[in-house]
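Undergrad: Handing you this structure, nothing more for now.
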Amino acid sequence: TLDVDTLDIQQGFIDLVALFDGEADRRLTFRLGRQELSFGRQRLVSPLPWANTMRSWDGGRLILNVDRWRIDAFYTRFAAVQKYEFNDWQFGPDFWGAYATGPLGEGAGAPSLDVYYLGIDTRGSAFNGDAGEETRHTVGARIFGPFGESGLAYDAEAALQFGDVGDADVTAYMLAGELAYAPTGTAWSPRFWVGADYASGDDAPGDGEVETFNQLFPLGHAFLGYQDFIGRQNLLAASVGASVKPTKQLMLRAELLSFWRAEDADAVYNAGGGVLRGPGGSDEAHIGLEFDLTAVYTLDAHTAIEGGYSHFFAGEFLD
């Protein structure tokens, strides 16, 4: 279902570039055509470099670079995969927005900030008993950086959604955070982290209020497990992990994740936004645990080999 796309164009665009005062770090780029979109940690927008069919969008984008800040403004249409035909933009949802990212101050320890607005029109969606044409707006921010030279680093993101699905009003939100520690001058370059994710769910089906967060176009397994069972909708998740590099080319990684439903009246959603299991039949919140072991060997700047093992332990809700 995810790996078939017989022959297609992944990217094909033109760039028109204007330099300010002849400086390369002060420029405006107009990009037109089929292109990938990737913003921030890819929690909400990613080309999905994982399956054999990556995501593309058709449209226009303005990219403004001013010193160390970058601002993207775009209007596109998702080029949904047509397995045995050309991926035509008219079959996908409209997607538009603006995304700005840059440092807050000087020096290596200065925090960085992302601020964004993302809009989507899916033509038709359904969330926990409410259905119809969906127009949803997402406003959010992310702050990240190191704690000086301590080896500690942080990443925090929050987003609010509003709009409508048919006759129902949308009010949804998500929160995400990660705290990592990478001691310097240590053999094998270890890194340890803890993370937490929350995405709102709907507390009453079909009541004219859609409170289920729409995860848009995420890189799900980067935060919610390599099996892609769980998506960023109606979710509370906690994770802990560690990685080491026995050699310059080899990285070993282990992570344990635990998942709960944010609202007992809403479903469990997978990484593609589909319903993994509906809310009926159980009022339990705990979905389960996932344990991931992965190894990545980097051959060169263009090639890496990755392998791993994952196991999902069903929680009370799935039982």
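Chains: A, B, ... in order of the structure tokens. Residues: from 1 per chain. Ligands: from 1, in order shown.
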Pick out the residues sitting within 8 Å of Trp193 of chain A, and hand them over as a list in words; count only C-alpha atoms, and ignore anything fewer than 3 positions along from it in its own chain.
TA: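 That gives Glu178, Leu179, Ala180, Tyr181, Val240, Gly241 and Ala242 of chain A.
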Undergrad: With N, CA, C and O atoms retained, could you export that selection as a compact mmCIF listing (two decimals), in the first residue's frame?
TA:
# COMPACT_ATOMS: atom_id res chain seq x y z
N GLU A 178 11.52 17.38 23.97
CA GLU A 178 12.61 16.41 24.12
C GLU A 178 13.76 17.06 24.86
O GLU A 178 14.13 18.20 24.58
N LEU A 179 14.33 16.34 25.81
CA LEU A 179 15.52 16.76 26.53
C LEU A 179 16.60 15.72 26.30
O LEU A 179 16.36 14.53 26.55
N ALA A 180 17.75 16.16 25.80
CA ALA A 180 18.82 15.22 25.43
C ALA A 180 20.12 15.60 26.13
O ALA A 180 20.36 16.77 26.45
N TYR A 181 20.97 14.58 26.34
CA TYR A 181 22.28 14.80 26.94
C TYR A 181 23.32 14.02 26.16
O TYR A 181 23.19 12.81 25.96
N VAL A 240 12.00 7.13 26.07
CA VAL A 240 13.36 7.24 26.60
C VAL A 240 14.26 6.44 25.67
O VAL A 240 13.88 5.37 25.18
N GLY A 241 15.45 6.97 25.40
CA GLY A 241 16.33 6.28 24.46
C GLY A 241 17.79 6.63 24.64
O GLY A 241 18.14 7.54 25.40
N ALA A 242 18.63 5.89 23.93
CA ALA A 242 20.07 6.11 23.97
C ALA A 242 20.68 5.67 22.65
O ALA A 242 20.15 4.77 21.98
Undergrad: I need the residues in segment 67-277 of chain A that are alpha helix (DSSP H) according to DSSP; give them as number ranges by chain.
TA: A: 221-224
Undergrad: I need the residues in segment 1-197 of chain A that are strand (DSSP E) according to DSSP; give them as JSON, numbers by chain.
TA: {"A": [12, 13, 14, 15, 16, 17, 18, 19, 20, 23, 24, 25, 26, 27, 28, 29, 30, 31, 32, 33, 34, 35, 57, 58, 59, 60, 61, 62, 63, 64, 65, 66, 69, 70, 71, 72, 73, 74, 75, 76, 77, 78, 94, 95, 96, 97, 98, 99, 100, 101, 102, 103, 112, 113, 114, 115, 116, 117, 118, 119, 120, 121, 125, 126, 127, 130, 131, 132, 134, 135, 136, 137, 138, 139, 140, 141, 142, 143, 144, 145, 146, 152, 153, 154, 155, 156, 157, 158, 159, 160, 161, 162, 163, 164, 165, 168, 169, 170, 171, 172, 173, 174, 175, 176, 177, 178, 179, 180, 181, 191, 192, 193, 194, 195, 196, 197]}
Undergrad: Using only C-alpha atoms, find the one residue out of A:Gly163, A:Gly307, A:Gly208, A:Gly195 that sits nearest to Gly177 of chain A.
TA: A:Gly195
Undergrad: Using only C-alpha atoms for the distances, tell me which of A:Leu2, A:Leu252, A:Ala18, A:Ala196 is nearest to Ala176 of chain A.
TA: A:Ala196
Undergrad: Extract, using only C-alpha atoms, all DNA, RNA and protein residues at most 7 Å from segment 91-102 of chain A, discarding same-chain residues fewer than 6 positions from it, and format them as a list in words.
TA: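 What passes the distance filter is Arg68, Trp69, Arg70, Ile71, Asp72, Ala73, Phe74, Tyr75, Thr76, Arg77, Phe78, Ala79, Ala80, Ser112, Leu113, Asp114, Val115, Tyr116, Tyr117, Leu118, Gly119, Ile120, Asp121, Thr122 and Arg123 of chain A.
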Undergrad: Name the residues in contact with Leu44 of chain A at a cut-off of 9 Å, using only C-alpha atoms, excluding same-chain residues fewer than 6 positions from it; report them as a list of chain:residue names.
TA: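 Listing them by chain and then by number gives A:Ser38, A:Gln215, A:Leu216, A:Phe217, A:Pro218, A:Leu219, A:Gly220.
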Undergrad: Need to verify the contact set: segment 54-57 of chain A, 8 Å, only C-alpha atoms, exclusion of same-chain residues closer than 3 positions in sequence. Can you return it as a VMD selection string?
TA: chain A and resid 10 to 11 34 to 37 46 to 51 76 to 80 89
Undergrad: Using only C-alpha atoms, determine which residues lie at most 6 Å from Leu250 of chain A, disregarding the query and same-chain residues fewer than 2 positions distant; provide the list as a ChimeraX atom specification.
TA: /A:245,247-248,296-297
